[in-house]
>>> print(open('start_33.cif').read())   # mmCIF, C-alpha atoms
data_entry
loop_
_atom_site.label_atom_id
_atom_site.label_comp_id
_atom_site.auth_asym_id
_atom_site.auth_seq_id
_atom_site.Cartn_x
_atom_site.Cartn_y
_atom_site.Cartn_z
CA MET E 200 19.41 53.87 68.85
CA GLN E 201 19.36 50.16 68.12
CA ASP E 202 22.35 49.59 70.44
CA THR E 203 20.53 51.35 73.27
CA PHE E 204 17.40 49.27 72.65
CA ALA E 205 19.45 46.04 72.62
CA GLN E 206 21.17 46.98 75.86
CA LEU E 207 17.84 47.85 77.51
CA LEU E 208 16.38 44.53 76.33
CA SER E 209 19.34 42.63 77.83
CA TYR E 210 18.78 44.39 81.20
CA VAL E 211 15.09 43.52 81.18
CA LEU E 212 15.80 39.86 80.36
CA GLY E 213 18.46 39.73 83.10
CA LEU E 214 15.98 41.11 85.62
CA TRP E 215 13.34 38.64 84.50
CA ARG E 216 15.70 35.70 85.03
CA HIS E 217 16.41 36.83 88.60
CA ARG E 218 12.91 38.03 89.44
CA TRP E 219 12.48 35.69 92.42
CA LEU E 220 15.73 36.86 93.96
CA ALA E 221 14.70 40.50 93.43
CA LEU E 222 11.27 39.79 94.94
CA GLY E 223 12.86 38.12 97.99
CA VAL E 224 15.28 41.02 98.54
CA THR E 225 12.40 43.49 98.19
CA TRP E 226 10.36 41.63 100.81
CA MET E 227 13.32 41.49 103.20
CA ILE E 228 13.87 45.25 102.88
CA ALA E 229 10.15 45.91 103.35
CA ILE E 230 9.94 43.76 106.50
CA ALA E 231 13.05 45.42 107.96
CA GLY E 232 11.58 48.84 107.19
CA TRP E 233 8.24 47.96 108.80
CA ALA E 234 10.02 46.68 111.92
CA TYR E 235 12.06 49.89 112.13
CA VAL E 236 9.01 52.13 111.72
CA SER E 237 6.99 50.16 114.29
CA ARG E 238 9.75 50.66 116.89
CA MET E 239 9.94 54.43 116.36
CA PRO E 240 8.51 56.43 119.26
CA GLU E 241 5.33 58.35 118.66
CA SER E 242 5.71 62.08 118.32
CA TYR E 243 2.94 64.64 118.25
CA VAL E 244 3.37 68.12 116.82
CA ALA E 245 1.27 71.10 117.87
CA ASN E 246 1.38 74.06 115.49
CA ALA E 247 0.32 77.63 116.07
CA ARG E 248 0.51 80.83 114.09
CA VAL E 249 1.09 84.12 115.80
CA TYR E 250 0.89 87.59 114.36
CA ALA E 251 3.40 89.86 116.06
CA ASP E 252 4.24 93.36 114.95
CA THR E 253 7.98 93.16 115.34
CA SER E 254 8.56 96.67 114.14
CA SER E 255 8.46 98.57 117.40
CA ILE E 256 6.80 101.85 118.11
CA LEU E 257 10.20 103.46 117.68
CA GLY E 258 10.16 102.62 113.97
CA PRO E 259 8.22 105.71 112.85
CA LEU E 260 10.20 107.92 115.21
CA MET E 261 13.55 106.65 114.00
CA ARG E 262 12.70 106.58 110.28
CA GLY E 263 15.67 107.75 108.29
CA LEU E 264 18.05 107.49 111.24
CA THR E 265 18.55 103.76 111.56
CA ILE E 266 18.46 100.72 109.33
CA ALA E 267 15.51 98.38 109.90
CA PRO E 268 16.53 94.77 110.53
CA ASN E 269 15.71 92.26 107.80
CA PRO E 270 13.20 89.45 108.46
CA ASN E 271 15.94 86.87 109.16
CA GLN E 272 17.39 89.08 111.87
CA ARG E 273 13.92 89.60 113.33
CA LEU E 274 13.34 85.84 113.38
CA SER E 275 16.73 85.29 115.00
CA MET E 276 16.01 87.89 117.68
CA MET E 277 12.55 86.43 118.33
CA SER E 278 13.98 82.90 118.56
CA GLN E 279 16.73 83.94 120.96
CA THR E 280 14.22 85.74 123.14
CA LEU E 281 11.64 82.98 123.07
CA LEU E 282 14.09 80.10 123.56
CA SER E 283 16.13 81.73 126.32
CA ARG E 284 16.75 79.73 129.48
CA PRO E 285 14.49 81.86 131.73
CA ASN E 286 11.63 81.43 129.26
CA MET E 287 12.23 77.68 129.03
CA GLU E 288 12.23 77.36 132.82
CA ARG E 289 9.03 79.40 132.92
CA LEU E 290 7.55 77.12 130.22
CA ALA E 291 8.44 74.04 132.28
CA ARG E 292 6.72 75.56 135.33
CA MET E 293 3.62 76.53 133.33
CA THR E 294 3.22 72.97 131.97
CA ASP E 295 4.26 71.22 135.22
CA LEU E 296 7.15 69.42 133.51
CA ASP E 297 9.50 70.63 136.23
CA LEU E 298 7.73 68.55 138.87
CA ALA E 299 9.40 65.36 137.66
CA VAL E 300 12.91 66.91 137.84
CA ASN E 301 14.79 67.04 141.14
CA THR E 302 18.40 67.73 140.19
CA GLU E 303 20.13 70.61 138.45
CA ALA E 304 21.42 68.25 135.73
CA GLY E 305 17.87 67.06 135.13
CA ARG E 306 16.69 70.65 134.91
CA ASP E 307 19.42 71.42 132.36
CA GLU E 308 18.38 68.39 130.31
CA LEU E 309 14.73 69.47 130.49
CA VAL E 310 15.61 72.97 129.25
CA ARG E 311 17.69 71.53 126.38
CA SER E 312 14.93 69.13 125.37
CA LEU E 313 12.37 71.96 125.41
CA GLN E 314 14.63 74.14 123.29
CA ASP E 315 15.07 71.29 120.80
CA SER E 316 11.34 70.55 120.64
CA ILE E 317 10.28 74.13 119.78
CA LEU E 318 10.68 75.47 116.26
CA LEU E 319 9.95 79.10 115.36
CA SER E 320 9.71 80.03 111.69
CA ALA E 321 8.62 83.12 109.82
CA ASN E 322 6.16 83.33 106.97
CA ARG E 323 7.80 84.31 103.69
CA GLY E 324 4.96 86.54 102.58
CA ASN E 325 4.39 88.37 105.86
CA ASP E 326 7.27 89.38 108.12
CA SER E 327 5.00 89.64 111.15
CA LEU E 328 3.42 86.16 110.91
CA TYR E 329 5.29 83.45 112.83
CA SER E 330 4.68 79.71 113.05
CA ILE E 331 5.43 77.89 116.28
CA SER E 332 5.79 74.09 116.22
CA VAL E 333 6.16 72.03 119.37
CA SER E 334 6.85 68.29 119.27
CA HIS E 335 6.48 65.89 122.18
CA GLN E 336 5.75 62.20 122.79
CA ASP E 337 2.46 62.99 124.54
CA ARG E 338 -0.33 64.67 122.58
CA GLU E 339 -1.75 66.64 125.50
CA THR E 340 1.69 67.81 126.62
CA ALA E 341 2.47 69.03 123.09
CA ARG E 342 -0.76 71.03 123.09
CA ARG E 343 -0.08 72.51 126.53
CA LEU E 344 3.48 73.39 125.53
CA ALA E 345 2.25 75.15 122.38
CA GLN E 346 -0.31 77.11 124.39
CA ALA E 347 2.30 78.09 126.97
CA VAL E 348 4.76 79.15 124.25
CA ILE E 349 2.07 81.39 122.75
CA THR E 350 1.39 82.88 126.19
CA ILE E 351 5.10 83.58 126.74
CA PHE E 352 5.39 84.97 123.21
CA ILE E 353 2.51 87.38 123.79
CA GLU E 354 3.71 88.44 127.23
CA THR E 355 7.27 89.12 126.08
CA SER E 356 6.06 91.10 123.08
CA MET E 357 3.75 93.11 125.37
CA ASP E 358 6.67 93.79 127.73
CA ASN E 359 8.81 94.90 124.77
CA LYS E 360 6.06 97.22 123.51
CA ASN E 361 5.62 98.74 126.97
CA SER E 362 9.35 99.36 127.32
CA ASP E 363 9.46 100.84 123.80
CA LYS E 364 6.61 103.19 124.71
CA LYS E 365 8.48 104.31 127.81
CA GLU E 366 11.66 104.89 125.79
CA ALA E 367 9.75 106.82 123.12
#
>>> encode(input="start_33.cif", output="structure tokens")
Amino acid sequence: MQDTFAQLLSYVLGLWRHRWLALGVTWMIAIAGWAYVSRMPESYVANARVYADTSSILGPLMRGLTIAPNPNQRLSMMSQTLLSRPNMERLARMTDLDLAVNTEAGRDELVRSLQDSILLSANRGNDSLYSISVSHQDRETARRLAQAVITIFIETSMDNKNSDKKEA
């Protein structure tokens, strides 16, 4: 115990002797960090929560015949459907982001950036509650994108329910 205390005391005395050097290094790191943070682009995030009954109308009819997908599979299916290229192109048209793009390469880049900016996650407690997060450099565009994603989400789930009713 006494050896540990002596070693700790020697570290503290060593730090005290070089306190001005440590203070200077700390200030240099802080200034570099502030400069880095000030140069970072602004990013706004719009969040929305959507309740979607992912268990289709076929669930009660098929009870005992098929295995219900787990919540991770549901989330994966919802993400693939929501972030598909036709939906991303539709999202760009709904928010007028496609007006600034003239080439096919630019359109591809726009679709990729929209897919990267949208995050869909499920609530752990409720399998039917989803969170949608959209990030963008412009606050109003982030809000419009989130609203358009919700609209697409609702319309695709309505289309799926209608087709499930027809199949049933």
>>> closest_residue(input="start_33.cif", among="E:Ile351, E:Ala229, E:Val224, E:Val236", to="E:Met287", atoms="only C-alpha atoms")
E:Ile351
>>> atom_distance(input="start_33.cif", atom1="atom CA of E:Leu328", atom2="atom CA of E:Arg248")
6.9 Å
>>> residues_around(input="start_33.cif", residues="E:Thr294", least_positions_apart="3", cutoff="12 Å", atoms="all atoms listed in the file", output="list in words")
Met287, Glu288, Arg289, Leu290, Ala291, Asp297, Leu298, Ala299, Leu313, Glu339, Thr340, Ala341, Arg342, Arg343, Leu344, Ala345, Gln346, Ala347, Val348, Thr350 and Ile351 of chain E
>>> closest_residue(input="start_33.cif", among="E:Ala304, E:Met293, E:Ile349, E:Met239", to="E:Leu319", atoms="all atoms listed in the file")
E:Ile349
>>> residues_around(input="start_33.cif", residues="stretch 320-322 of chain E", least_positions_apart="5", cutoff="7 Å", atoms="only C-alpha atoms", output="list in words")
Leu274, Leu328, Tyr329, Ser330 and Ile331 of chain E
>>> atom_distance(input="start_33.cif", atom1="atom CA of E:Phe204", atom2="atom CA of E:Gly223")
28.1 Å
>>> atom_distance(input="start_33.cif", atom1="atom CA of E:Met227", atom2="atom CA of E:Glu241")
24.2 Å
>>> closest_residue(input="start_33.cif", among="E:Ala221, E:Val300, E:Val249, E:Ile353", to="E:Asn325", atoms="all atoms listed in the file")
E:Val249
